[in-house]
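S.K.: I'd like to ask you about the structure that follows.
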Amino acid sequence: MARNPELRFVKGHGTGNDFILIPDFEGEIEISPEQVRFLCDRHFGLGADGVIRVVRTARVPEVASMADTAEWFMDYRNADGSISEMCGNGSRVFARYLDATGLITDAEVSIATRGGLRAVSMESDLSISVDMGVPTTPSGTAVVTVGSRQLPAVGVMIPNPHAVTFVESLDDAGDLLTSPGIAPASVFNEGANVEFVVIRGENHIAMRVFERGVGETLSCGTGACAAAFAYLRRIDAPAGQEVRVDVTGGTLNITETEAGHLLLRGPADLVARGTVLLP
């Protein structure tokens, strides 16, 4: 594939979790991990929490089997260049881009991700809902370490791995300039995002998050889902509940359906477009 040093992009965010979208409809662009790190660098590049390549599903062999259901594939990369299963906030920004550019015209659409198909709904209040699927819990218990403190954590996979720990104050997370420790490695053999969660009231929580491959972010969609799921299990709530999750960048709402699916609802905005010269 040809490499073009000048790359078109669109930038957007969901509750402050920001992404660079690369239109590559026919799958002709190769983006290296080094280039992803450059694009996401907030001093030397454009600055973002991740990069999303917008490509037709049929043009990507690893997900081409989903093309009959989902025309568009969300190729998501973390800020450090690593590949991730999917991203909840990113999926809403991805859908906003498809809608704004006329690539989709229906209010409900399926998108392909490495974590499987995701049903997306464009809501009348301009928010976007994503069916994040049914979470699972890894076997074993985990401990998150922050400084000298060891905090018990609940493991949740949706599909990204998360370690959720409930704390008295969000300050208990520390400065989050470095990744919290997670043990034992057998519970999260590929690492995990870490959510620090406080309970604000009935079906109302707040959280801070350290995303693997990124650092602390203003928001994390899959992390909000993991935190809400862990909260609902903690209070032994029946299905059908909605949980408000306050993140640093705003508010997300998570609903657990009767079938056990988690629906993530929140805003998504596009803020800029242009071209960037790759190194």
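Lettering and numbering for the structure tokens are positional, with chains as A, B, ... in the shown order, residues counted from 1 in each chain, and ligands counted from 1 in the shown order.
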Run DSSP on the backbone and tell me which residues of stretch 20-266 of chain A come out as strand (DSSP E); list them as a PyMOL selection string.

M.R.: chain A and resi 20-23+50-56+72-78+108-113+116-122+128-131+142-146+149-157+161-166+181-183+193-201+204-211+215-217+242-247+250-256+262-266

S.K.: Run DSSP on the backbone of this structure and report the residues of stretch 13-246 of chain A it assigns to helix (DSSP H, G or I), as a PyMOL selection string.

M.R.: chain A and resi 33-40+57-59+61-66+88-100+170-173+221-234

S.K.: Counting only C-alpha atoms, figure out which residue out of A:Val55, A:Ala153, A:Leu278, A:Met86 gets nearest to A:Leu39.

M.R.: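 Once distances to A:Leu39 are computed over only C-alpha atoms, the minimum belongs to A:Leu278.
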
S.K.: Under the rule that only C-alpha atoms are counted, which of A:Leu177, A:Val271, A:Ile235, A:Ala119 is the nearest residue to A:Glu216?

M.R.: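 Looking only at the distances to A:Glu216, the closest residue turns out to be A:Leu177.
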
S.K.: Determine, counting only C-alpha atoms, which protein, DNA and RNA residues have an atom within 9 Å of an atom of A:Pro152; residues of the same chain fewer than 4 positions away are not included. Present the result as a VMD selection string.

M.R.: chain A and resid 141 to 145 164 to 166

S.K.: Might you pull out every residue within 12 Å of A:Leu252, with only C-alpha atoms counted and same-chain residues fewer than 3 positions away left off, and present them as a ChimeraX atom specification?

M.R.: /A:14-17,88-89,92,127-130,204-207,218-225,227-228,242-249,255,263-268

S.K.: Show which residues sit within 8 Å of A:Lys11, as a list in words. Count only C-alpha atoms, and ignore same-chain residues fewer than 6 positions away.

M.R.: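 Residues meeting the cut-off are Asp18, Phe19, Ile20, Leu21, Leu270, Val271, Ala272 and Arg273 of chain A.
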
S.K.: Can I get the selected residues back with N, CA and C atoms, as a compact mmCIF listing (two decimals), in the first residue's frame?

M.R.:
# COMPACT_ATOMS: atom_id res chain seq x y z
N ASP A 18 -11.02 12.26 23.44
CA ASP A 18 -10.90 12.78 22.07
C ASP A 18 -10.15 11.83 21.14
N PHE A 19 -10.53 11.92 19.86
CA PHE A 19 -10.06 10.97 18.86
C PHE A 19 -9.77 11.67 17.54
N ILE A 20 -8.80 11.13 16.82
CA ILE A 20 -8.51 11.55 15.45
C ILE A 20 -9.07 10.48 14.53
N LEU A 21 -10.00 10.87 13.66
CA LEU A 21 -10.58 9.94 12.70
C LEU A 21 -9.87 10.11 11.36
N LEU A 270 -18.00 16.58 16.74
CA LEU A 270 -16.88 16.77 15.83
C LEU A 270 -16.43 18.22 15.95
N VAL A 271 -15.13 18.46 16.05
CA VAL A 271 -14.66 19.81 16.35
C VAL A 271 -13.70 20.39 15.31
N ALA A 272 -13.09 19.56 14.47
CA ALA A 272 -12.11 20.08 13.52
C ALA A 272 -11.87 19.09 12.39
N ARG A 273 -11.40 19.61 11.26
CA ARG A 273 -10.97 18.76 10.16
C ARG A 273 -9.82 19.46 9.44

S.K.: Which residue is closest to A:Pro279? Choose from A:Ile22, A:Val146, A:Val36, A:Val187 and count only C-alpha atoms.

M.R.: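 Looking at the shortest contact to A:Pro279, the residue is A:Val36.
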
S.K.: Rounded to one decimal place, report the atom CA of A:Val51-atom CA of A:Gly115 distance in Å.

M.R.: 16.3 Å
